[in-house]
Amino acid sequence: MKCKICGRPAVIKLPAHNIALCEKCFEEFVLRRVKNAIKTYKMFTKDDKVAVAVSGGKDSLALWDILTRLGYETGGIHIHLGIGKYSDESLQKAENFAKKINSELTVIYVRDFFGTGIPEIAKITKRKTCSVCGTIKRYLMNRFAYEKGYTVLATGHNLDDEASTLLGNLLYWKDLYLARKGPVLPSTHPKLIRKVKPLVFLTEREIAAYTILRGIDYIYEECPHAAGATSIFHKHVLNEIENYSPGTKLHFLKGFYERKNIFARLYPEETKMQHECKECGYPSSGEICGFCKLRRRVKEKLENGRETTTA
Amino acid sequence: MKIHTREKTIEERIQEITVRDLIEKKLKLNPEEVLVIDRQNNRILPPDYRLKDEDEIEIRMVISGG
Ligand SMILES: [Zn+2]
Ligand SMILES: [Zn+2]
């Protein structure tokens, strides 16, 4: 197998693009794909200060590496979720990588806000772990990206993540989600930072290959709470189709982005956050934001618990 | 040949086999969801590489949940 570009021995075959590439040409291919996504969807420019949401997994570390190599001004934000050994190892990977590329990493601890970690918060509020975790991560990422002076927040969502979510949303006709999903989530409030997904043109396999070539050490273990049974199933289904007919995932997602307005038109008023939270001052749909409500509930419960144990 | 996966390491005697056949025919995995890595130098092995019994490889699953 020879590299289609330079003729040296190829290491990876990319059936969706009908090519095989050597290590060097594959790295350049990855950088080009990301550059292309940033440009196509007007994600940000060299004047922006880009916050990378860094979990310590392959996608976010690859993203940080790629954006730095493309010459953007970047910094990482990591949220320590308080999920035992998994969170400590994730932080370690994020810190090691920040040191390696000599970039700033902001670390936020969930326990500094709640007095405890995600599993306990889910138990107290009787909500699904991944749903609570999502609410908390979104809030903290936005707030600290804003406070640290970043102008845009980039996440490591890849082609497989986005195509499988799209499939799930279409299967159950979740119009509201379809209306909001996209490679760019524009800012609708001065304190709501713009969100972008520069890896949407790359598959998980391509990103994993990139991390191996670059010697990026990421957390391979899955979050012990990963509830993604359905989303993993949708990924497998799409990969079956992809294997049968290469290029389908990309075609599916890009086609949706081109037709997004069909769904967005259904919810013209849905995009505005009218209020500012009375407690924290960040954008909210009601008087008090979801994060602060969550915090109150957990605080009350923990304080009551302490009283009963000391009494 | 020594094979590492996320869960375990196994050692198995093999006849010469290509990476492609190992993934698709022997392990029945979707080539879109795995990478085969040479553990001696941490490099990706191309699908036409012929694996020998003295090789030590890792089957890296690339699909994650969430
Ligand atoms: Zn080449
Ligand atoms: Zn608030």
# chains A, B, ... in the order shown; residues from 1 in each chain; ligands from 1
>>> residues_near_ligand(ligand="ligand 2", cutoff="9 Å", atoms="only C-alpha atoms and all ligand atoms", output="VMD selection string")
chain A and resid 139 276 to 284 287 to 293 295
>>> residues_near_ligand(ligand="ligand 1", cutoff="6 Å", atoms="only C-alpha atoms and all ligand atoms", output="CSV table (one decimal) with C-alpha atoms, in the first residue's frame")
chain,number,residue,atom,x,y,z
A,3,CYS,CA,0.8,6.9,-0.1
A,5,ILE,CA,0.4,11.8,-2.3
A,6,CYS,CA,4.1,11.0,-2.0
A,7,GLY,CA,4.4,7.3,-2.9
A,8,ARG,CA,6.1,6.3,0.4
A,21,LEU,CA,-1.6,7.9,3.2
A,22,CYS,CA,1.8,7.8,4.9
A,24,LYS,CA,3.4,12.6,7.3
A,25,CYS,CA,0.7,13.1,4.6
>>> residues_around(residues="stretch 8-21 of chain B", least_positions_apart="6", cutoff="8 Å", atoms="only C-alpha atoms", output="JSON, numbers by chain")
{"B": [1, 2, 31, 36, 45, 46, 47, 48, 49, 50, 51, 52, 53]}
>>> write_last_selection(atoms="N, CA, C and O atoms", output="mmCIF file, in the first residue's frame")
data_model
loop_
_atom_site.group_PDB
_atom_site.id
_atom_site.type_symbol
_atom_site.label_atom_id
_atom_site.label_comp_id
_atom_site.auth_asym_id
_atom_site.auth_seq_id
_atom_site.Cartn_x
_atom_site.Cartn_y
_atom_site.Cartn_z
ATOM 1 N N MET B 1 1.751 -14.872 18.952
ATOM 2 C CA MET B 1 1.639 -13.416 18.910
ATOM 3 C C MET B 1 0.933 -12.920 20.177
ATOM 4 O O MET B 1 -0.026 -13.522 20.648
ATOM 5 N N LYS B 2 1.453 -11.812 20.695
ATOM 6 C CA LYS B 2 0.829 -11.205 21.872
ATOM 7 C C LYS B 2 -0.156 -10.132 21.408
ATOM 8 O O LYS B 2 0.203 -9.260 20.625
ATOM 9 N N PRO B 31 -13.660 -2.535 10.349
ATOM 10 C CA PRO B 31 -12.388 -1.812 10.195
ATOM 11 C C PRO B 31 -12.502 -0.314 10.473
ATOM 12 O O PRO B 31 -11.504 0.352 10.733
ATOM 13 N N VAL B 36 -4.851 -1.124 14.452
ATOM 14 C CA VAL B 36 -3.914 -2.113 14.968
ATOM 15 C C VAL B 36 -2.562 -1.434 15.106
ATOM 16 O O VAL B 36 -2.066 -0.802 14.177
ATOM 17 N N LEU B 45 -0.207 -0.142 12.110
ATOM 18 C CA LEU B 45 0.103 -1.129 11.084
ATOM 19 C C LEU B 45 -0.923 -1.035 9.949
ATOM 20 O O LEU B 45 -2.129 -1.058 10.192
ATOM 21 N N PRO B 46 -0.458 -0.925 8.709
ATOM 22 C CA PRO B 46 -1.384 -0.816 7.569
ATOM 23 C C PRO B 46 -2.108 -2.144 7.327
ATOM 24 O O PRO B 46 -1.623 -3.197 7.738
ATOM 25 N N PRO B 47 -3.274 -2.105 6.653
ATOM 26 C CA PRO B 47 -4.076 -3.324 6.469
ATOM 27 C C PRO B 47 -3.362 -4.442 5.710
ATOM 28 O O PRO B 47 -3.662 -5.606 5.922
ATOM 29 N N ASP B 48 -2.394 -4.095 4.858
ATOM 30 C CA ASP B 48 -1.729 -5.155 4.089
ATOM 31 C C ASP B 48 -0.484 -5.712 4.788
ATOM 32 O O ASP B 48 0.183 -6.593 4.263
ATOM 33 N N TYR B 49 -0.184 -5.238 5.984
ATOM 34 C CA TYR B 49 0.967 -5.756 6.726
ATOM 35 C C TYR B 49 0.718 -7.207 7.123
ATOM 36 O O TYR B 49 -0.347 -7.561 7.606
ATOM 37 N N ARG B 50 1.732 -8.062 6.921
ATOM 38 C CA ARG B 50 1.588 -9.483 7.272
ATOM 39 C C ARG B 50 2.121 -9.718 8.680
ATOM 40 O O ARG B 50 3.314 -9.582 8.928
ATOM 41 N N LEU B 51 1.225 -10.043 9.586
ATOM 42 C CA LEU B 51 1.601 -10.279 10.983
ATOM 43 C C LEU B 51 2.294 -11.628 11.122
ATOM 44 O O LEU B 51 1.892 -12.606 10.498
ATOM 45 N N LYS B 52 3.343 -11.633 11.960
ATOM 46 C CA LYS B 52 4.067 -12.885 12.229
ATOM 47 C C LYS B 52 3.903 -13.252 13.701
ATOM 48 O O LYS B 52 3.545 -12.412 14.518
ATOM 49 N N ASP B 53 4.223 -14.484 14.026
ATOM 50 C CA ASP B 53 3.990 -14.969 15.388
ATOM 51 C C ASP B 53 4.779 -14.180 16.425
ATOM 52 O O ASP B 53 4.354 -14.043 17.569
#
>>> closest_atom_pairs(of="chain B", to="chain A", cutoff="7 Å", atoms="only C-alpha atoms", output="Markdown table")
| residue | atom | partner | partner_atom | distance |
| --- | --- | --- | --- | --- |
| B:Glu32 | CA | A:Asn239 | CA | 6.3 |
| B:Glu33 | CA | A:Arg205 | CA | 6.3 |
| B:Val34 | CA | A:Arg205 | CA | 6.9 |
| B:Arg43 | CA | A:Leu213 | CA | 7.0 |
| B:Ile44 | CA | A:Val11 | CA | 6.2 |
| B:Leu45 | CA | A:Val11 | CA | 6.0 |
| B:Pro46 | CA | A:Val11 | CA | 4.5 |
| B:Asp48 | CA | A:Met1 | CA | 6.8 |
| B:Val62 | CA | A:Arg205 | CA | 5.5 |
| B:Ile63 | CA | A:Glu204 | CA | 6.4 |
| B:Gly65 | CA | A:Gly228 | CA | 4.9 |
| B:Gly66 | CA | A:Gly228 | CA | 4.7 |
>>> select_by_dssp(residues="chain B", states="strand (DSSP E)", output="JSON list (two decimals) with N, CA and C atoms, in the first residue's frame")
[["chain", "number", "residue", "atom", "x", "y", "z"],
["B", 2, "LYS", "N", 1.45, -11.81, 20.70],
["B", 2, "LYS", "CA", 0.83, -11.20, 21.87],
["B", 2, "LYS", "C", -0.16, -10.13, 21.41],
["B", 3, "ILE", "N", -1.40, -10.21, 21.89],
["B", 3, "ILE", "CA", -2.41, -9.23, 21.51],
["B", 3, "ILE", "C", -2.95, -8.51, 22.76],
["B", 4, "HIS", "N", -2.78, -7.18, 22.77],
["B", 4, "HIS", "CA", -3.33, -6.38, 23.87],
["B", 4, "HIS", "C", -4.63, -5.76, 23.45],
["B", 9, "THR", "N", -4.77, -9.01, 27.90],
["B", 9, "THR", "CA", -3.70, -9.38, 26.99],
["B", 9, "THR", "C", -3.76, -10.88, 26.77],
["B", 10, "ILE", "N", -3.74, -11.27, 25.49],
["B", 10, "ILE", "CA", -3.74, -12.71, 25.23],
["B", 10, "ILE", "C", -2.53, -13.08, 24.38],
["B", 11, "GLU", "N", -2.12, -14.34, 24.50],
["B", 11, "GLU", "CA", -1.02, -14.82, 23.67],
["B", 11, "GLU", "C", -1.53, -16.01, 22.87],
["B", 17, "ILE", "N", -0.78, -13.75, 8.86],
["B", 17, "ILE", "CA", -2.10, -13.23, 8.49],
["B", 17, "ILE", "C", -1.99, -11.72, 8.29],
["B", 18, "THR", "N", -2.72, -11.16, 7.35],
["B", 18, "THR", "CA", -2.66, -9.70, 7.17],
["B", 18, "THR", "C", -3.48, -9.02, 8.27],
["B", 34, "VAL", "N", -11.55, 0.16, 14.52],
["B", 34, "VAL", "CA", -10.32, -0.26, 15.19],
["B", 34, "VAL", "C", -9.07, 0.21, 14.47],
["B", 35, "LEU", "N", -7.98, 0.26, 15.25],
["B", 35, "LEU", "CA", -6.67, 0.46, 14.67],
["B", 35, "LEU", "C", -5.79, -0.64, 15.26],
["B", 36, "VAL", "N", -4.85, -1.12, 14.45],
["B", 36, "VAL", "CA", -3.91, -2.11, 14.97],
["B", 36, "VAL", "C", -2.56, -1.43, 15.11],
["B", 37, "ILE", "N", -2.00, -1.54, 16.31],
["B", 37, "ILE", "CA", -0.76, -0.84, 16.62],
["B", 37, "ILE", "C", 0.35, -1.83, 16.93],
["B", 38, "ASP", "N", 1.54, -1.56, 16.38],
["B", 38, "ASP", "CA", 2.72, -2.35, 16.68],
["B", 38, "ASP", "C", 3.23, -1.89, 18.05],
["B", 43, "ARG", "N", 3.55, 2.21, 16.43],
["B", 43, "ARG", "CA", 3.15, 2.71, 15.11],
["B", 43, "ARG", "C", 1.93, 1.97, 14.61],
["B", 44, "ILE", "N", 1.19, 2.65, 13.76],
["B", 44, "ILE", "CA", -0.01, 2.04, 13.18],
["B", 44, "ILE", "C", 0.41, 1.05, 12.09],
["B", 50, "ARG", "N", 1.73, -8.06, 6.92],
["B", 50, "ARG", "CA", 1.59, -9.48, 7.27],
["B", 50, "ARG", "C", 2.12, -9.72, 8.68],
["B", 51, "LEU", "N", 1.23, -10.04, 9.59],
["B", 51, "LEU", "CA", 1.60, -10.28, 10.98],
["B", 51, "LEU", "C", 2.29, -11.63, 11.12],
["B", 56, "GLU", "N", 4.04, -8.21, 18.50],
["B", 56, "GLU", "CA", 3.23, -7.86, 19.67],
["B", 56, "GLU", "C", 2.39, -6.66, 19.27],
["B", 57, "ILE", "N", 1.07, -6.84, 19.29],
["B", 57, "ILE", "CA", 0.20, -5.78, 18.77],
["B", 57, "ILE", "C", -0.87, -5.37, 19.78],
["B", 58, "GLU", "N", -1.44, -4.21, 19.50],
["B", 58, "GLU", "CA", -2.58, -3.75, 20.30],
["B", 58, "GLU", "C", -3.77, -3.51, 19.38],
["B", 59, "ILE", "N", -4.92, -4.00, 19.79],
["B", 59, "ILE", "CA", -6.16, -3.72, 19.07],
["B", 59, "ILE", "C", -6.80, -2.54, 19.77],
["B", 60, "ARG", "N", -6.74, -1.36, 19.14],
["B", 60, "ARG", "CA", -7.25, -0.15, 19.78],
["B", 60, "ARG", "C", -8.66, 0.14, 19.27],
["B", 61, "MET", "N", -9.64, 0.05, 20.15],
["B", 61, "MET", "CA", -11.01, 0.41, 19.77],
["B", 61, "MET", "C", -11.10, 1.94, 19.76]]
>>> residues_around(residues="A:Asp217", least_positions_apart="2", cutoff="12 Å", atoms="only C-alpha atoms", output="number ranges by chain")
A: 56-62, 65, 89-90, 92-98, 100, 208, 210-215, 219-220; B: 42
>>> atom_distance(atom1="atom CA of A:Gly149", atom2="atom CA of A:Gly286")
25.6 Å
>>> select_by_dssp(residues="stretch 29-73 of chain A", states="helix (DSSP H, G or I)", output="list of chain:residue names")
A:Phe29, A:Val30, A:Leu31, A:Arg32, A:Arg33, A:Val34, A:Lys35, A:Asn36, A:Ala37, A:Ile38, A:Lys39, A:Thr40, A:Lys58, A:Asp59, A:Ser60, A:Leu61, A:Ala62, A:Leu63, A:Trp64, A:Asp65, A:Ile66, A:Leu67, A:Thr68, A:Arg69
>>> residues_around(residues="A:His157", least_positions_apart="6", cutoff="7 Å", atoms="only C-alpha atoms", output="number ranges by chain")
A: 197, 199-200
